[in-house]
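Next comes protein02.pdb, a file with PDB, C-alpha atoms.
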ATOM      1  CA  MET D   1       0.000   0.000   0.000  1.00  0.00           C
ATOM      2  CA  ALA D   2       1.453   3.360  -1.019  1.00  0.00           C
ATOM      3  CA  LEU D   3       1.421   6.218   1.448  1.00  0.00           C
ATOM      4  CA  ALA D   4      -0.762   8.247  -0.929  1.00  0.00           C
ATOM      5  CA  ASP D   5      -3.431   5.552  -0.738  1.00  0.00           C
ATOM      6  CA  LYS D   6      -3.846   6.089   2.976  1.00  0.00           C
ATOM      7  CA  GLN D   7      -6.074   9.016   3.913  1.00  0.00           C
ATOM      8  CA  LEU D   8      -3.978  11.824   5.386  1.00  0.00           C
ATOM      9  CA  SER D   9      -4.821  15.138   6.882  1.00  0.00           C
ATOM     10  CA  CYS D  10      -2.587  17.934   8.092  1.00  0.00           C
ATOM     11  CA  ARG D  11      -2.372  19.518  11.505  1.00  0.00           C
ATOM     12  CA  GLU D  12      -0.389  22.458  12.834  1.00  0.00           C
ATOM     13  CA  ILE D  13       1.577  21.806  15.972  1.00  0.00           C
ATOM     14  CA  ILE D  14       3.654  24.146  18.102  1.00  0.00           C
ATOM     15  CA  THR D  15       7.202  23.028  18.838  1.00  0.00           C
ATOM     16  CA  LYS D  16      10.555  24.450  19.816  1.00  0.00           C
ATOM     17  CA  ALA D  17      12.876  24.683  16.852  1.00  0.00           C
ATOM     18  CA  VAL D  18      15.909  26.555  15.577  1.00  0.00           C
ATOM     19  CA  CYS D  19      14.238  29.663  14.175  1.00  0.00           C
ATOM     20  CA  GLY D  20      17.316  31.748  13.431  1.00  0.00           C
ATOM     21  CA  LYS D  21      20.988  31.214  12.568  1.00  0.00           C
ATOM     22  CA  GLY D  22      23.953  33.410  11.810  1.00  0.00           C
ATOM     23  CA  ARG D  23      27.747  33.488  11.653  1.00  0.00           C
ATOM     24  CA  LYS D  24      30.266  36.307  11.791  1.00  0.00           C
ATOM     25  CA  PHE D  25      34.045  36.434  11.403  1.00  0.00           C
ATOM     26  CA  SER D  26      35.794  39.613  12.490  1.00  0.00           C
ATOM     27  CA  THR D  27      39.291  41.032  12.711  1.00  0.00           C
ATOM     28  CA  VAL D  28      39.862  43.858  15.181  1.00  0.00           C
ATOM     29  CA  SER D  29      42.889  45.871  16.277  1.00  0.00           C
ATOM     30  CA  HIS D  30      43.706  46.944  19.832  1.00  0.00           C
ATOM     31  CA  THR D  31      46.508  49.127  21.143  1.00  0.00           C
ATOM     32  CA  VAL D  32      48.137  47.995  24.384  1.00  0.00           C
ATOM     33  CA  THR D  33      50.339  50.556  26.129  1.00  0.00           C
ATOM     34  CA  PRO D  34      52.963  48.890  28.365  1.00  0.00           C
ATOM     35  CA  PRO D  35      54.552  50.786  31.284  1.00  0.00           C
ATOM     36  CA  HIS D  36      57.928  50.824  29.453  1.00  0.00           C
ATOM     37  CA  HIS D  37      58.685  51.701  25.820  1.00  0.00           C
ATOM     38  CA  PRO D  38      59.000  48.302  24.095  1.00  0.00           C
ATOM     39  CA  SER D  39      62.180  47.422  22.138  1.00  0.00           C
ATOM     40  CA  SER D  40      60.754  44.205  20.648  1.00  0.00           C
ATOM     41  CA  ILE D  41      57.715  41.954  20.949  1.00  0.00           C
ATOM     42  CA  LEU D  42      58.534  38.494  22.311  1.00  0.00           C
ATOM     43  CA  GLY D  43      54.982  37.121  22.363  1.00  0.00           C
ATOM     44  CA  ALA D  44      51.327  38.069  22.307  1.00  0.00           C
ATOM     45  CA  TRP D  45      48.327  35.968  23.281  1.00  0.00           C
ATOM     46  CA  VAL D  46      44.678  36.216  24.229  1.00  0.00           C
ATOM     47  CA  ILE D  47      43.321  34.480  27.357  1.00  0.00           C
ATOM     48  CA  ASN D  48      40.313  34.468  29.709  1.00  0.00           C
ATOM     49  CA  HIS D  49      37.659  34.819  27.003  1.00  0.00           C
ATOM     50  CA  GLN D  50      34.116  35.139  28.366  1.00  0.00           C
ATOM     51  CA  TYR D  51      30.963  36.026  26.433  1.00  0.00           C
ATOM     52  CA  GLU D  52      27.170  35.863  26.364  1.00  0.00           C
ATOM     53  CA  ALA D  53      24.531  36.226  23.657  1.00  0.00           C
ATOM     54  CA  VAL D  54      21.512  38.562  23.700  1.00  0.00           C
ATOM     55  CA  ARG D  55      18.796  39.227  21.122  1.00  0.00           C
ATOM     56  CA  SER D  56      19.075  42.665  19.534  1.00  0.00           C
ATOM     57  CA  GLY D  57      17.016  44.011  16.631  1.00  0.00           C
ATOM     58  CA  ASP D  58      17.398  41.780  13.570  1.00  0.00           C
ATOM     59  CA  GLY D  59      20.320  39.836  15.001  1.00  0.00           C
ATOM     60  CA  ILE D  60      22.103  38.568  18.056  1.00  0.00           C
ATOM     61  CA  GLU D  61      24.749  40.497  19.949  1.00  0.00           C
ATOM     62  CA  VAL D  62      27.714  38.664  21.429  1.00  0.00           C
ATOM     63  CA  ILE D  63      29.006  40.646  24.414  1.00  0.00           C
ATOM     64  CA  GLY D  64      32.312  39.622  25.869  1.00  0.00           C
ATOM     65  CA  THR D  65      35.748  40.310  27.287  1.00  0.00           C
ATOM     66  CA  TYR D  66      39.245  38.870  26.983  1.00  0.00           C
ATOM     67  CA  ASP D  67      42.721  39.657  28.252  1.00  0.00           C
ATOM     68  CA  ILE D  68      45.545  40.536  25.870  1.00  0.00           C
ATOM     69  CA  ASN D  69      49.003  39.701  27.229  1.00  0.00           C
ATOM     70  CA  ILE D  70      52.098  41.148  25.548  1.00  0.00           C
ATOM     71  CA  TRP D  71      55.524  39.824  26.460  1.00  0.00           C
ATOM     72  CA  TYR D  72      58.023  42.461  25.411  1.00  0.00           C
ATOM     73  CA  SER D  73      61.591  43.596  25.962  1.00  0.00           C
ATOM     74  CA  TYR D  74      62.645  47.138  26.853  1.00  0.00           C
ATOM     75  CA  ASN D  75      65.820  49.120  27.735  1.00  0.00           C
ATOM     76  CA  ARG D  76      67.426  48.107  24.428  1.00  0.00           C
ATOM     77  CA  ASN D  77      66.400  44.440  24.851  1.00  0.00           C
ATOM     78  CA  SER D  78      68.058  44.115  28.284  1.00  0.00           C
ATOM     79  CA  GLU D  79      64.864  43.536  30.346  1.00  0.00           C
ATOM     80  CA  THR D  80      61.466  41.912  29.772  1.00  0.00           C
ATOM     81  CA  ASP D  81      57.973  42.384  31.143  1.00  0.00           C
ATOM     82  CA  VAL D  82      54.393  41.358  30.413  1.00  0.00           C
ATOM     83  CA  ALA D  83      51.704  43.967  29.777  1.00  0.00           C
ATOM     84  CA  LYS D  84      48.098  42.933  30.297  1.00  0.00           C
ATOM     85  CA  GLU D  85      44.955  44.682  29.143  1.00  0.00           C
ATOM     86  CA  THR D  86      41.332  43.556  29.391  1.00  0.00           C
ATOM     87  CA  VAL D  87      39.296  44.301  26.270  1.00  0.00           C
ATOM     88  CA  SER D  88      35.492  44.495  26.060  1.00  0.00           C
ATOM     89  CA  TYR D  89      33.646  43.984  22.769  1.00  0.00           C
ATOM     90  CA  VAL D  90      30.194  43.710  21.243  1.00  0.00           C
ATOM     91  CA  ASP D  91      29.806  41.764  17.992  1.00  0.00           C
ATOM     92  CA  SER D  92      26.465  42.176  16.249  1.00  0.00           C
ATOM     93  CA  VAL D  93      25.780  38.951  14.322  1.00  0.00           C
ATOM     94  CA  PRO D  94      23.055  39.213  11.664  1.00  0.00           C
ATOM     95  CA  LEU D  95      20.713  36.263  11.249  1.00  0.00           C
ATOM     96  CA  SER D  96      21.076  34.797   7.760  1.00  0.00           C
ATOM     97  CA  TYR D  97      18.020  32.627   8.446  1.00  0.00           C
ATOM     98  CA  LEU D  98      14.998  33.748  10.466  1.00  0.00           C
ATOM     99  CA  ASP D  99      11.609  32.046  10.758  1.00  0.00           C
ATOM    100  CA  PRO D 100       9.140  34.946  10.562  1.00  0.00           C
ATOM    101  CA  LYS D 101       6.385  32.902  12.249  1.00  0.00           C
ATOM    102  CA  HIS D 102       8.192  32.160  15.506  1.00  0.00           C
ATOM    103  CA  ARG D 103       6.791  33.320  18.844  1.00  0.00           C
ATOM    104  CA  ALA D 104       9.000  36.214  19.917  1.00  0.00           C
ATOM    105  CA  SER D 105       8.110  35.807  23.592  1.00  0.00           C
ATOM    106  CA  THR D 106       9.756  32.340  23.649  1.00  0.00           C
ATOM    107  CA  GLU D 107      13.133  33.266  22.110  1.00  0.00           C
ATOM    108  CA  GLU D 108      16.306  31.745  23.558  1.00  0.00           C
ATOM    109  CA  VAL D 109      19.636  32.720  22.004  1.00  0.00           C
ATOM    110  CA  SER D 110      23.061  31.133  22.169  1.00  0.00           C
ATOM    111  CA  ALA D 111      26.488  31.738  20.695  1.00  0.00           C
ATOM    112  CA  GLU D 112      29.449  29.462  20.110  1.00  0.00           C
ATOM    113  CA  ALA D 113      32.960  30.722  19.453  1.00  0.00           C
ATOM    114  CA  THR D 114      33.871  28.740  16.327  1.00  0.00           C
ATOM    115  CA  GLN D 115      37.231  30.539  16.449  1.00  0.00           C
ATOM    116  CA  GLU D 116      38.296  31.755  19.881  1.00  0.00           C
ATOM    117  CA  PRO D 117      39.887  35.227  19.884  1.00  0.00           C
ATOM    118  CA  ASN D 118      43.454  34.760  18.717  1.00  0.00           C
ATOM    119  CA  CYS D 119      46.319  37.219  18.270  1.00  0.00           C
ATOM    120  CA  VAL D 120      47.512  37.015  14.663  1.00  0.00           C
ATOM    121  CA  GLU D 121      49.897  40.006  14.654  1.00  0.00           C
ATOM    122  CA  ALA D 122      51.570  42.332  17.157  1.00  0.00           C
ATOM    123  CA  ASN D 123      53.722  45.329  16.181  1.00  0.00           C
ATOM    124  CA  ILE D 124      55.219  48.268  18.024  1.00  0.00           C
ATOM    125  CA  THR D 125      53.314  51.453  17.143  1.00  0.00           C
ATOM    126  CA  SER D 126      55.009  54.149  15.060  1.00  0.00           C
ATOM    127  CA  GLY D 127      55.450  56.332  18.175  1.00  0.00           C
ATOM    128  CA  GLY D 128      57.234  53.468  19.939  1.00  0.00           C
ATOM    129  CA  THR D 129      55.111  53.675  23.097  1.00  0.00           C
ATOM    130  CA  GLY D 130      52.474  50.999  22.422  1.00  0.00           C
ATOM    131  CA  VAL D 131      51.803  47.683  20.769  1.00  0.00           C
ATOM    132  CA  LEU D 132      49.211  47.304  17.998  1.00  0.00           C
ATOM    133  CA  VAL D 133      47.593  43.866  18.266  1.00  0.00           C
ATOM    134  CA  ARG D 134      45.367  42.305  15.573  1.00  0.00           C
ATOM    135  CA  VAL D 135      42.845  39.739  16.892  1.00  0.00           C
ATOM    136  CA  GLU D 136      40.603  37.384  14.888  1.00  0.00           C
ATOM    137  CA  ARG D 137      37.409  35.797  16.232  1.00  0.00           C
ATOM    138  CA  GLU D 138      34.339  34.047  14.840  1.00  0.00           C
ATOM    139  CA  PHE D 139      30.930  33.231  16.283  1.00  0.00           C
ATOM    140  CA  ALA D 140      28.018  31.040  15.220  1.00  0.00           C
ATOM    141  CA  VAL D 141      24.693  32.017  16.796  1.00  0.00           C
ATOM    142  CA  GLU D 142      21.301  30.334  17.072  1.00  0.00           C
ATOM    143  CA  MET D 143      17.878  31.431  18.161  1.00  0.00           C
ATOM    144  CA  ILE D 144      15.492  28.769  19.435  1.00  0.00           C
ATOM    145  CA  ALA D 145      11.811  29.616  19.796  1.00  0.00           C
ATOM    146  CA  GLU D 146       8.348  28.133  19.577  1.00  0.00           C
ATOM    147  CA  THR D 147       6.972  27.966  16.048  1.00  0.00           C
ATOM    148  CA  LYS D 148       4.205  26.220  14.134  1.00  0.00           C
ATOM    149  CA  VAL D 149       4.943  23.286  11.878  1.00  0.00           C
ATOM    150  CA  CYS D 150       2.576  21.357   9.682  1.00  0.00           C
ATOM    151  CA  VAL D 151       2.532  17.559  10.072  1.00  0.00           C
ATOM    152  CA  ALA D 152       0.709  14.782   8.281  1.00  0.00           C
ATOM    153  CA  VAL D 153      -1.818  12.970  10.451  1.00  0.00           C
ATOM    154  CA  CYS D 154      -2.801   9.415   9.545  1.00  0.00           C
ATOM    155  CA  LYS D 155      -6.424   8.495  10.157  1.00  0.00           C
ATOM    156  CA  GLY D 156      -6.530   5.712  12.682  1.00  0.00           C
ATOM    157  CA  GLY D 157      -3.349   6.818  14.426  1.00  0.00           C
ATOM    158  CA  CYS D 158       0.226   5.639  14.164  1.00  0.00           C
ATOM    159  CA  ASP D 159      -0.445   1.901  14.340  1.00  0.00           C
ATOM    160  CA  ASP D 160       0.793   0.527  11.009  1.00  0.00           C
ATOM    161  CA  ASP D 161      -0.825  -2.904  11.483  1.00  0.00           C
ATOM    162  CA  GLY D 162       2.441  -4.509  10.358  1.00  0.00           C
ATOM    163  CA  LYS D 163       2.047  -3.178   6.808  1.00  0.00           C
ATOM    164  CA  ASP D 164       4.911  -1.880   4.709  1.00  0.00           C
ATOM    165  CA  TYR D 165       4.453   1.452   3.000  1.00  0.00           C
ATOM    166  CA  GLU D 166       6.242   2.620  -0.103  1.00  0.00           C
ATOM    167  CA  TYR D 167       7.558   6.165  -0.145  1.00  0.00           C
ATOM    168  CA  GLY D 168       7.918   6.794  -3.866  1.00  0.00           C
ATOM    169  CA  ILE D 169      10.798   4.437  -4.747  1.00  0.00           C
ATOM    170  CA  ALA D 170       9.738   1.123  -6.248  1.00  0.00           C
ATOM    171  CA  ASP D 171      11.770  -2.017  -5.659  1.00  0.00           C
ATOM    172  CA  GLY D 172      15.025  -1.781  -7.570  1.00  0.00           C
ATOM    173  CA  GLY D 173      14.940   2.001  -7.705  1.00  0.00           C
ATOM    174  CA  TYR D 174      18.634   2.314  -6.887  1.00  0.00           C
ATOM    175  CA  GLU D 175      20.119   0.467  -9.895  1.00  0.00           C
ATOM    176  CA  ASP D 176      20.430   3.670 -11.923  1.00  0.00           C
ATOM    177  CA  LEU D 177      22.603   5.406  -9.295  1.00  0.00           C
ATOM    178  CA  ASP D 178      26.227   6.018 -10.276  1.00  0.00           C
ATOM    179  CA  PRO D 179      28.433   4.722  -7.396  1.00  0.00           C
ATOM    180  CA  ASP D 180      31.257   7.072  -8.475  1.00  0.00           C
ATOM    181  CA  LEU D 181      29.107  10.027  -7.395  1.00  0.00           C
ATOM    182  CA  LEU D 182      28.909   8.834  -3.798  1.00  0.00           C
ATOM    183  CA  ASP D 183      30.878  10.865  -1.295  1.00  0.00           C
ATOM    184  CA  ASP D 184      33.964   8.927  -0.151  1.00  0.00           C
ATOM    185  CA  GLU D 185      34.088  10.860   3.134  1.00  0.00           C
ATOM    186  CA  LEU D 186      30.924   9.209   4.454  1.00  0.00           C
TER
END
Go ahead and express the file in the form of structure tokens.
Amino acid sequence: MALADKQLSCREIITKAVCGKGRKFSTVSHTVTPPHHPSSILGAWVINHQYEAVRSGDGIEVIGTYDINIWYSYNRNSETDVAKETVSYVDSVPLSYLDPKHRASTEEVSAEATQEPNCVEANITSGGTGVLVRVEREFAVEMIAETKVCVAVCKGGCDDDGKDYEYGIADGGYEDLDPDLLDDEL
């Protein structure tokens, strides 16, 4: 018996679902001013990253902080020190997908750092008093909310009475597939 032969009706149900998604990569520059004029940069790294996500307008804002640590030499490379600065940021991530029929009062947002903030370059500023640090970061965000979905409802319930149903592919429907087109990474 084919599925089309069975009498179906549709019903709207309310469920929680991913109703919005977005992703944003950003590169930002910060200037850290150490207590001594740096002679050379020996290392630069980002630690203690903390963030949270909040709904804002047509997107999701990721609000966070991290510490930038610069290991540098001074006094003509005769001494070293570490300069630390805490940086605050707000990244506005637009939603590339948004279900317009979701219930706004049930929104829950989350963010995941797909690339933690990372120092990719650190140079002494032209004045020689600070360090210009370039940081990359990337976030993926989701919004979960209640929304309506339409489902097929079988008359008589879900009991299939032990019958097999065909879903549009007759026996032997796979012979025409080209095995060379299959993805080897599966």
| message | List as a ChimeraX atom specification the protein and nucleic acid residues near region 137-153 of chain D, meaning an atom at most 7 Å away when all atoms listed in the file are counted, but skip any in the same chain fewer than 3 places from it. | response | /D:8-27,101-103,106-118
key: Separation of CA of Glu61 (chain D) from CA of Ser105 (chain D) in Å   =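 Here the two named atoms are 17.7 Å from each other.
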Would you give the centre and edge lengths, in Å to one decimal, of a box along x, y and z around the listed atoms of region 67-78 of chain D, with 8 Å added to each side, as JSON?
{"center_x": 55.4, "center_y": 44.4, "center_z": 26.4, "size_x": 41.3, "size_y": 25.5, "size_z": 19.9}
note - CA of His37 (chain D) and CA of Asn75 (chain D) are separated by 7.8 Å
